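Enquirer: Got a structure for you, questions after.
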Amino acid sequence: MPPMLDLRRTVAALVAVVMSAALIVVSLIISDSSTAQMTAAARASVGDADVVVIADSHDDATDGTLPEQAVQDVAAADGVASVRPYIEGSTWIMHPAGSAYDSHPFVLEVPEIRGGTRLTAGRLPEKEGEVALSPAAAQTQDLEVGNTVSFQPDSDAEASSTATVVGIIQPGAEITRLGAGAAYVFATAEERVVLGVPETPVVLYVTGAAGTSIEALMTSVEKAAQTSQPGAGVYSASDIVVMRSSGQSSVNSVTMTLFRLLGPVCAVVAGIVIATTFTTLVARQARQTGLLRCIGATRRQVLGSVLRTGLITGLLGSVMGAGLGIGLATLVSRAGLIEGLEWQYFTVSWQSLLLGVFLSTLVTLVAVLRPARRATRVSPLVALTGQVADERSLSRGRVVSAIVGLVVVVIGLVITGLSIQARVVEYTAAGAVLLVLGLLVGLPLLVIGASRATERLAGGDRRPVLQLATRNLARNPGRAAATTASLLVSVAVASTLVTGIASARASMNGYINSGSPVDIRVSGIPANSDTSKLIARVENLENVDRTVLVPTFDLGITPETTADNEITVSAVDVAEVAPVIRSHNGLEGLDDNTLIVGEIYGRPEGTSVTLTGPAGSVELTVHVEEGGFGPVITPAVAEKLVGDNPTSSSLWARTVGDGSNADPGSQVRQLLQGEGYYITTTAAGRTAFAEYLNWIISVIAVVLAFTLLIALSGMANTTDVSVLERIREIGVLRAMGVQRRHVGGLFITESVMTSLLGGVIGVVLGAVLGLAAVAAVMGADGGSELVLRVPWLQLVAILLAAAAVGVLAALRPSSRAASVVPVTAIAQE
C-alpha cells in the first residue's frame, strides 16, 4: 500500500508535534530537576548518618527534645560509631503595636560557613545580644543588619529580650532539616539561653561502626533511645531522605502547576492542528483513495496508510521536540529563570524523554484517528466519476451537534455564574469544561453566523473582497471551525490566566493594604522627645508624601488576653490618619466605647474588657477586626486612661505611588540610624509579590507564543490547501479583471477573519473564566478585599496577536494565489 500522505504536506502537523513535545519535555525536566535538588538537600541534611532519632514532640516533660541521658544511651549503644546532635528551637519576633504580625522563626546554632551555607551580609554572631537571620526571616519581617529585634520565648510570655541583627546567613541544606527557605534565627549558646531555647537536641544523626548492618544498628539505637524517651522515633537515613524530599519543593508550587497546566494546553492545540491538517489532506486525496479502492485496497489498508503517516509524523516531531525541550530547559535553568532551581541539579532523565515522546506521539495518533476513519469511507466511485462528497455545507447531523454545543455553552455559563455566587472552585472547573466543549462543538454555526453578520455589516456588494471572503467561510464552516478552534483554545487559556492575574493582583494589593496599611512606621519614639523635628526630617525625604504622629502606650487589661495582663494600644484619630493610611480595615467600628483587636488576642467579639492606665480605668466592648493597626482606641478614651502623662508615640508615613518603592524606607533607616527607633516598611512584601506575578506573566507569554506558532503553522497549511482547491475560482476572478492584490487580499481577509473569530471568542471566554476562578478561589477569604478586574489592554494585545497570526499565515499562500495565470487555471480540471 503506497503512502497516501507525504510528509511535505504534513509540515503543519509536524510543527505542532514539535512544539507540544518541547513544552511537555520542559515541564518534565523542571520537575525532575526540582526532585533531584530536594533529594540532594535531604541527603545533605542527613550527612553521613545511617540512622536518625527524632524526639517525641508531644513529650511535655522534655519540651519535645531528647534528654541528655538519651543522647548518652544512644552514643553507647552497640554498633554506634558517632552521634551528631541537632539542636533546634523556636521563638517569637515581637513587633511594636500594629506594625506587623509577630513571627515564629526557628532558632539554630551559629553555623560554619561551608557547603551551601553562605554569609550574605554582616558577620556571624559572637556573643549574647547578637543574632543572625536567614534571608526569609529578614525579608518577611523587614529587618536588616543593624536592626534591633525584640524576642519572646515560647515558654515564658514575660521573659522578653532584645538582640541586634549582625548578619544575614543563607542556610545550606546541611545545617537544617526544614529547608533553606524557612525563617531562621542563628544564635550563640548564650543567646539561645536568653531566647529560652532548650540545649538538648531534637534530632540525633547516628553513624554506624564499620561492618554494622542498618537493621542491627536501628534495633540497637531504638532500644537505647526508648529507654529514656519511649515515644522517640528511629528511622533509617534513606527513609528520612524520602520523607524530607517528598515534603518539600525547590520550585514554587504555583510555578510547577503553571507548567503542568500549560503543557496539556499546548498538546490540545497541537491535537486540533494535527486533526485539521490530516482532515484537509484526506479530503484533497479523495480521488486517489477511491482509485486505490478500485484496484483492491481494503479499508484496513487505507486506514493503516493514514495512521502510518501520522505515526511517522508523531515520532519524528516528538524526537525533534524532545531535543528542543532539552535546549529550552537548559537555557531556562542556566539563566536562573526558575526561582529556587539551581543549575547544578539540572537533570535530564531518559524516562522523561521517553514519556514526552510517547505522549506527543499518542496525541498525534489520537488526532489522526478520525481523519483516517473518514478516508476509509471514501467510495471507489469517486475515482470513476470524479465527484467528491460535498463537505462544505453543514449536514443535518452537524447542525444538530452544533445546536447541542451551543446549549451546552449556555449550561456552562449558568454553572460558571453559580460558581461566582457560591464561590466553589469545583463549579468553576465544571463550567469551564462545559463552555470549552460546547464552543468547540458549536463553532460551525458560529462561523456561519459571524460570516453572514460581517457581510451585512460591511455593506455586501460595496466590498466585494470581503463579501467573497465571508461567503467562502460560510461555504466551508467545518474547516474554518477547526482552524478557529486551535486559536480559540490558546487565546482562551492565555486570557484566563491574564485576567486571573490582574484580578489577583488587585485583590492582593487590597489585602496587603489591609494587612499593612502604613508604608513606613517609626516606632519607639520616647515621651517628651522633640517630635516636630523628627517629623520635619522624615517629610523632607524624597518620595515621602505625608506623615502623622500616633500615641502608643502600655495598659493593663482585665480579663487577661491570652497569658498577658498588659496590652499595647494606639490612640487613632480616624480623620487625622486618613490621608496617610492605605486601608481603613482595622478601624471600622471604632468609637469611644470600643477596643479593636485582632483574633490573635483571643478575645471574643462583643465581650467586655477593662483597660487601666495611669489616669484611670475604662470599660470597653471588644470588636474583632483584622487589620495592620494592632489594638486601637480613640483619643478620647486615651485621655481618660492616660490624662496629661507623657506617652511614647509612633510616626506613620505614606510614600508616593503604590507603596512598592523600597527607597523611601531605606532613606528613613539611614536618616535615623543609631537613634534607637524601630523602623518597619511594607515595600518588600509588595515588591516580592509584584515580581512573582511578573514572572508568571512571562511564562504565560512564552507559552502563548508557542501555541500561536502552532496555530500559525496550521492556518498556513489550511490556507495553502484552500488556494490549491480554488485554482479555477482564482482563474475566473483573474479573467474577469480582478487584480492580483485583490486576489491576495481575499485569502488574507479569510485568514484574518478566522483568527479574529477565534481570538474574540477566546478572549471573552478567558475573561469570564478568569473572573470566575478568582472569585471562587479568593472570594471566600478575600471578603471586601476581593477585586475583579478585566485587563483590557492585555486582552486587546492578545487579540491583536491572534490577528497577526492570521496575516502571517496567509502571506505565502496569498502570494501564490495572486501569481496564478488565468488561462492555466481555467484549463485545469
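Just remember, in the C-alpha cells the first chain shown is A, the second B, etc., residues are 1-based per chain, and ligands are 1-based in the order shown.
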What's the 9 Å shell around Asn593 of chain A, counting only C-alpha atoms, without same-chain residues fewer than 3 positions away, as JSON, numbers by chain?

Expert: {"A": [590, 618, 619, 620, 621, 622, 633, 634, 637]}

Enquirer: Write the residues of the preceding selection, restricted to C-alpha atoms, as a short mmCIF file (atom, residue, chain, number, x, y, z; two decimals), in the first residue's frame.

Expert:
data_model
loop_
_atom_site.label_atom_id
_atom_site.label_comp_id
_atom_site.auth_asym_id
_atom_site.auth_seq_id
_atom_site.Cartn_x
_atom_site.Cartn_y
_atom_site.Cartn_z
CA LEU A 590 -14.04 52.40 66.23
CA VAL A 618 -12.37 52.42 81.22
CA GLU A 619 -14.67 49.52 80.38
CA LEU A 620 -14.89 48.86 76.64
CA THR A 621 -16.53 46.38 74.27
CA VAL A 622 -14.26 44.22 72.13
CA ILE A 633 -8.78 53.02 70.88
CA THR A 634 -9.95 56.58 70.26
CA VAL A 637 -10.61 57.03 75.60
#

Enquirer: Write out, as JSON lines, each residue of segment 567-648 of chain A that has an atom at most 12 Å from segment 673-690 of chain A, together with the closest pair of atoms and their distance in Å to one decimal, counting only C-alpha atoms, rows going by chain and rising number.

Expert:
{"residue": "A:Arg582", "atom": "CA", "partner": "A:Thr682", "partner_atom": "CA", "distance": 11.3}
{"residue": "A:Gly628", "atom": "CA", "partner": "A:Thr682", "partner_atom": "CA", "distance": 10.7}
{"residue": "A:Ser648", "atom": "CA", "partner": "A:Tyr677", "partner_atom": "CA", "distance": 11.4}

Enquirer: With only C-alpha atoms as the basis for distance, which of A:Asn147, A:Gln421, A:Gln794, A:Asn476 is at the shortest distance from Ala494 of chain A?

Expert: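 Checking each candidate against Ala494 of chain A, we get A:Gln794 as the closest.
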
Enquirer: Measuring atom to atom with only C-alpha atoms, identify which of A:Thr162, A:Asp663, A:Val282, A:Ala636 is nearest to Val721 of chain A.

Expert: A:Val282

Enquirer: Can you tell me, as a PyMOL selection string, which residues in segment 556-795 of chain A count as strand (DSSP E or B) by DSSP?

Expert: chain A and resi 556-561+564-571+594-597+608-613+616-624+632-633+648-655+678-681

Enquirer: Report as a ChimeraX atom specification all protein, DNA and RNA residues lying within 8 Å of Met715 of chain A, evaluated on only C-alpha atoms, omitting residues in the same chain fewer than 3 positions from it.

Expert: /A:483,711-712,718-719,751,806,809-810
